[in-house]
>>> print(open('upload.txt').read())   # compact mmCIF, N, CA and C atoms
# COMPACT_ATOMS: atom_id res chain seq x y z
N MET A 23 -31.19 11.76 56.32
CA MET A 23 -31.61 12.64 55.25
C MET A 23 -30.97 12.20 53.95
N GLY A 24 -31.78 12.21 52.90
CA GLY A 24 -31.29 11.79 51.60
C GLY A 24 -30.53 12.89 50.90
N GLU A 25 -29.72 12.49 49.99
CA GLU A 25 -28.96 13.43 49.19
C GLU A 25 -29.88 14.08 48.16
N LYS A 26 -29.79 15.38 48.01
CA LYS A 26 -30.63 16.12 47.07
C LYS A 26 -30.03 16.02 45.67
N LYS A 27 -30.84 15.55 44.69
CA LYS A 27 -30.35 15.40 43.33
C LYS A 27 -31.25 16.16 42.36
N LEU A 28 -30.64 16.67 41.32
CA LEU A 28 -31.37 17.37 40.27
C LEU A 28 -31.86 16.35 39.25
N THR A 29 -33.19 16.18 39.19
CA THR A 29 -33.79 15.23 38.26
C THR A 29 -34.95 15.90 37.54
N LYS A 30 -35.36 15.31 36.44
CA LYS A 30 -36.55 15.80 35.74
C LYS A 30 -37.77 15.54 36.61
N SER A 31 -38.76 16.40 36.46
CA SER A 31 -39.96 16.32 37.27
C SER A 31 -41.08 15.60 36.53
N TYR A 32 -42.01 15.04 37.29
CA TYR A 32 -43.24 14.51 36.69
C TYR A 32 -44.18 15.66 36.36
N ASN A 33 -43.97 16.83 36.99
CA ASN A 33 -44.74 18.04 36.73
C ASN A 33 -44.11 18.71 35.51
N LYS A 34 -44.49 18.27 34.32
CA LYS A 34 -43.80 18.76 33.14
C LYS A 34 -44.77 19.24 32.06
N MET A 35 -44.26 20.16 31.26
CA MET A 35 -44.98 20.63 30.09
C MET A 35 -44.30 20.08 28.85
N LEU A 36 -42.99 20.08 28.84
CA LEU A 36 -42.23 19.52 27.71
C LEU A 36 -41.38 18.37 28.19
N GLY A 37 -40.26 18.68 28.81
CA GLY A 37 -39.34 17.63 29.20
C GLY A 37 -39.18 17.44 30.70
N GLY A 38 -39.77 18.31 31.50
CA GLY A 38 -39.65 18.22 32.95
C GLY A 38 -38.44 18.92 33.52
N VAL A 39 -37.71 19.65 32.67
CA VAL A 39 -36.49 20.32 33.12
C VAL A 39 -36.81 21.46 34.09
N CYS A 40 -37.71 22.36 33.72
CA CYS A 40 -38.06 23.49 34.59
C CYS A 40 -38.69 23.00 35.89
N GLY A 41 -39.53 21.97 35.80
CA GLY A 41 -40.13 21.39 37.00
C GLY A 41 -39.09 20.79 37.92
N GLY A 42 -38.10 20.13 37.35
CA GLY A 42 -37.02 19.54 38.15
C GLY A 42 -36.17 20.60 38.83
N ILE A 43 -35.89 21.67 38.12
CA ILE A 43 -35.12 22.77 38.71
C ILE A 43 -35.91 23.42 39.84
N ALA A 44 -37.22 23.61 39.63
CA ALA A 44 -38.08 24.20 40.66
C ALA A 44 -38.11 23.32 41.91
N GLU A 45 -38.21 22.01 41.74
CA GLU A 45 -38.23 21.10 42.88
C GLU A 45 -36.89 21.10 43.60
N TYR A 46 -35.81 21.17 42.86
CA TYR A 46 -34.47 21.17 43.45
C TYR A 46 -34.25 22.39 44.34
N PHE A 47 -34.67 23.57 43.84
CA PHE A 47 -34.49 24.81 44.60
C PHE A 47 -35.69 25.15 45.47
N ASN A 48 -36.71 24.29 45.48
CA ASN A 48 -37.90 24.45 46.31
C ASN A 48 -38.60 25.79 46.05
N VAL A 49 -38.84 26.08 44.77
CA VAL A 49 -39.58 27.27 44.37
C VAL A 49 -40.75 26.85 43.47
N ASP A 50 -41.67 27.77 43.23
CA ASP A 50 -42.82 27.49 42.39
C ASP A 50 -42.36 27.27 40.94
N VAL A 51 -42.90 26.24 40.31
CA VAL A 51 -42.50 25.90 38.95
C VAL A 51 -42.85 27.02 37.97
N THR A 52 -43.91 27.75 38.23
CA THR A 52 -44.30 28.86 37.34
C THR A 52 -43.22 29.93 37.32
N VAL A 53 -42.60 30.20 38.45
CA VAL A 53 -41.53 31.20 38.53
C VAL A 53 -40.35 30.76 37.66
N VAL A 54 -39.99 29.49 37.73
CA VAL A 54 -38.87 28.99 36.94
C VAL A 54 -39.21 29.04 35.45
N ARG A 55 -40.42 28.67 35.08
CA ARG A 55 -40.82 28.70 33.67
C ARG A 55 -40.81 30.12 33.11
N VAL A 56 -41.34 31.07 33.89
CA VAL A 56 -41.36 32.47 33.43
C VAL A 56 -39.93 33.00 33.31
N ALA A 57 -39.08 32.68 34.29
CA ALA A 57 -37.68 33.12 34.23
C ALA A 57 -36.98 32.53 33.02
N TYR A 58 -37.25 31.26 32.72
CA TYR A 58 -36.65 30.62 31.56
C TYR A 58 -37.08 31.30 30.26
N VAL A 59 -38.37 31.59 30.14
CA VAL A 59 -38.87 32.25 28.92
C VAL A 59 -38.26 33.64 28.78
N LEU A 60 -38.22 34.40 29.86
CA LEU A 60 -37.63 35.74 29.79
C LEU A 60 -36.15 35.67 29.43
N LEU A 61 -35.44 34.75 30.02
CA LEU A 61 -34.02 34.60 29.71
C LEU A 61 -33.82 34.19 28.25
N SER A 62 -34.65 33.29 27.77
CA SER A 62 -34.53 32.84 26.38
C SER A 62 -34.82 33.97 25.40
N VAL A 63 -35.85 34.76 25.68
CA VAL A 63 -36.21 35.87 24.79
C VAL A 63 -35.11 36.92 24.79
N CYS A 64 -34.53 37.18 25.96
CA CYS A 64 -33.48 38.20 26.06
C CYS A 64 -32.18 37.75 25.41
N THR A 65 -31.99 36.46 25.21
CA THR A 65 -30.77 35.97 24.58
C THR A 65 -31.04 35.47 23.17
N ALA A 66 -32.05 36.01 22.54
CA ALA A 66 -32.42 35.67 21.16
C ALA A 66 -32.87 34.22 21.00
N ALA A 67 -33.38 33.62 22.06
CA ALA A 67 -34.02 32.30 22.08
C ALA A 67 -33.09 31.12 21.80
N PHE A 68 -32.19 31.20 20.87
CA PHE A 68 -31.38 30.03 20.51
C PHE A 68 -30.58 29.46 21.68
N PRO A 69 -29.80 30.27 22.42
CA PRO A 69 -29.06 29.68 23.54
C PRO A 69 -29.97 29.05 24.59
N GLY A 70 -31.13 29.65 24.84
CA GLY A 70 -32.07 29.09 25.81
C GLY A 70 -32.60 27.74 25.35
N LEU A 71 -32.91 27.62 24.09
CA LEU A 71 -33.40 26.34 23.56
C LEU A 71 -32.31 25.28 23.60
N LEU A 72 -31.10 25.68 23.28
CA LEU A 72 -29.97 24.75 23.30
C LEU A 72 -29.72 24.23 24.72
N VAL A 73 -29.73 25.12 25.69
CA VAL A 73 -29.52 24.72 27.09
C VAL A 73 -30.64 23.79 27.54
N TYR A 74 -31.89 24.11 27.18
CA TYR A 74 -33.02 23.27 27.57
C TYR A 74 -32.88 21.86 26.97
N LEU A 75 -32.52 21.78 25.70
CA LEU A 75 -32.35 20.47 25.06
C LEU A 75 -31.22 19.68 25.70
N LEU A 76 -30.12 20.35 26.01
CA LEU A 76 -29.00 19.67 26.66
C LEU A 76 -29.41 19.15 28.04
N LEU A 77 -30.12 19.98 28.81
CA LEU A 77 -30.56 19.53 30.13
C LEU A 77 -31.57 18.39 30.02
N CYS A 78 -32.40 18.44 29.00
CA CYS A 78 -33.38 17.38 28.78
C CYS A 78 -32.69 16.04 28.51
N ILE A 79 -31.55 16.09 27.86
CA ILE A 79 -30.79 14.88 27.57
C ILE A 79 -29.96 14.43 28.77
N ILE A 80 -29.35 15.39 29.48
CA ILE A 80 -28.41 15.09 30.56
C ILE A 80 -29.10 14.74 31.87
N MET A 81 -30.17 15.47 32.23
CA MET A 81 -30.82 15.26 33.53
C MET A 81 -31.49 13.89 33.58
N PRO A 82 -31.26 13.14 34.64
CA PRO A 82 -31.91 11.82 34.76
C PRO A 82 -33.38 11.99 35.14
N ASP A 83 -34.17 10.99 34.83
CA ASP A 83 -35.57 10.96 35.24
C ASP A 83 -35.63 10.70 36.74
N LYS A 84 -36.75 11.07 37.35
CA LYS A 84 -36.94 10.83 38.78
C LYS A 84 -36.91 9.31 39.02
N GLY A 85 -36.16 8.90 40.01
CA GLY A 85 -36.07 7.49 40.35
C GLY A 85 -34.97 6.75 39.61
N GLN A 86 -34.41 7.37 38.60
CA GLN A 86 -33.33 6.75 37.83
C GLN A 86 -32.02 6.98 38.55
N THR A 87 -31.20 5.97 38.67
CA THR A 87 -29.91 6.11 39.36
C THR A 87 -28.83 6.46 38.35
N LEU A 88 -27.83 7.16 38.84
CA LEU A 88 -26.70 7.55 37.98
C LEU A 88 -25.58 6.55 38.08
>>> encode(input="upload.txt", output="structure tokens")
Amino acid sequence: MGEKKLTKSYNKMLGGVCGGIAEYFNVDVTVVRVAYVLLSVCTAAFPGLLVYLLLCIIMPDKGQTL
């Protein structure tokens, strides 16, 4: 069995971050996207956008080695 890694997904709307998180936790990507939007709106959007941008920079692409 291979080691499970958090990577960006090819199933993406912007950067593939929500898709990668959904694949990692084996849940529907729509659930992760809706949760992200609700969390961002409830925190005045700025922290949510900042976290998304950081993850977009930090998370490796699928197939990329660390």
>>> atom_distance(input="upload.txt", atom1="CA of Met81 in chain A", atom2="atom N of Lys34 in chain A")
14.0 Å
>>> residues_around(input="upload.txt", residues="range 45-59 of chain A", least_positions_apart="4", cutoff="7 Å", atoms="only N, CA and C atoms", output="NGL selection string")
:A and (27-29 or 40-41 or 63-64)
>>> atom_distance(input="upload.txt", atom1="atom C of Pro69 in chain A", atom2="CA of Lys84 in chain A")
24.1 Å
>>> residues_around(input="upload.txt", residues="Gly38 in chain A", least_positions_apart="6", cutoff="9 Å", atoms="only C-alpha atoms", output="list of chain:residue names")
A:Thr29, A:Lys30, A:Ser31, A:Tyr32, A:Cys78, A:Asp83
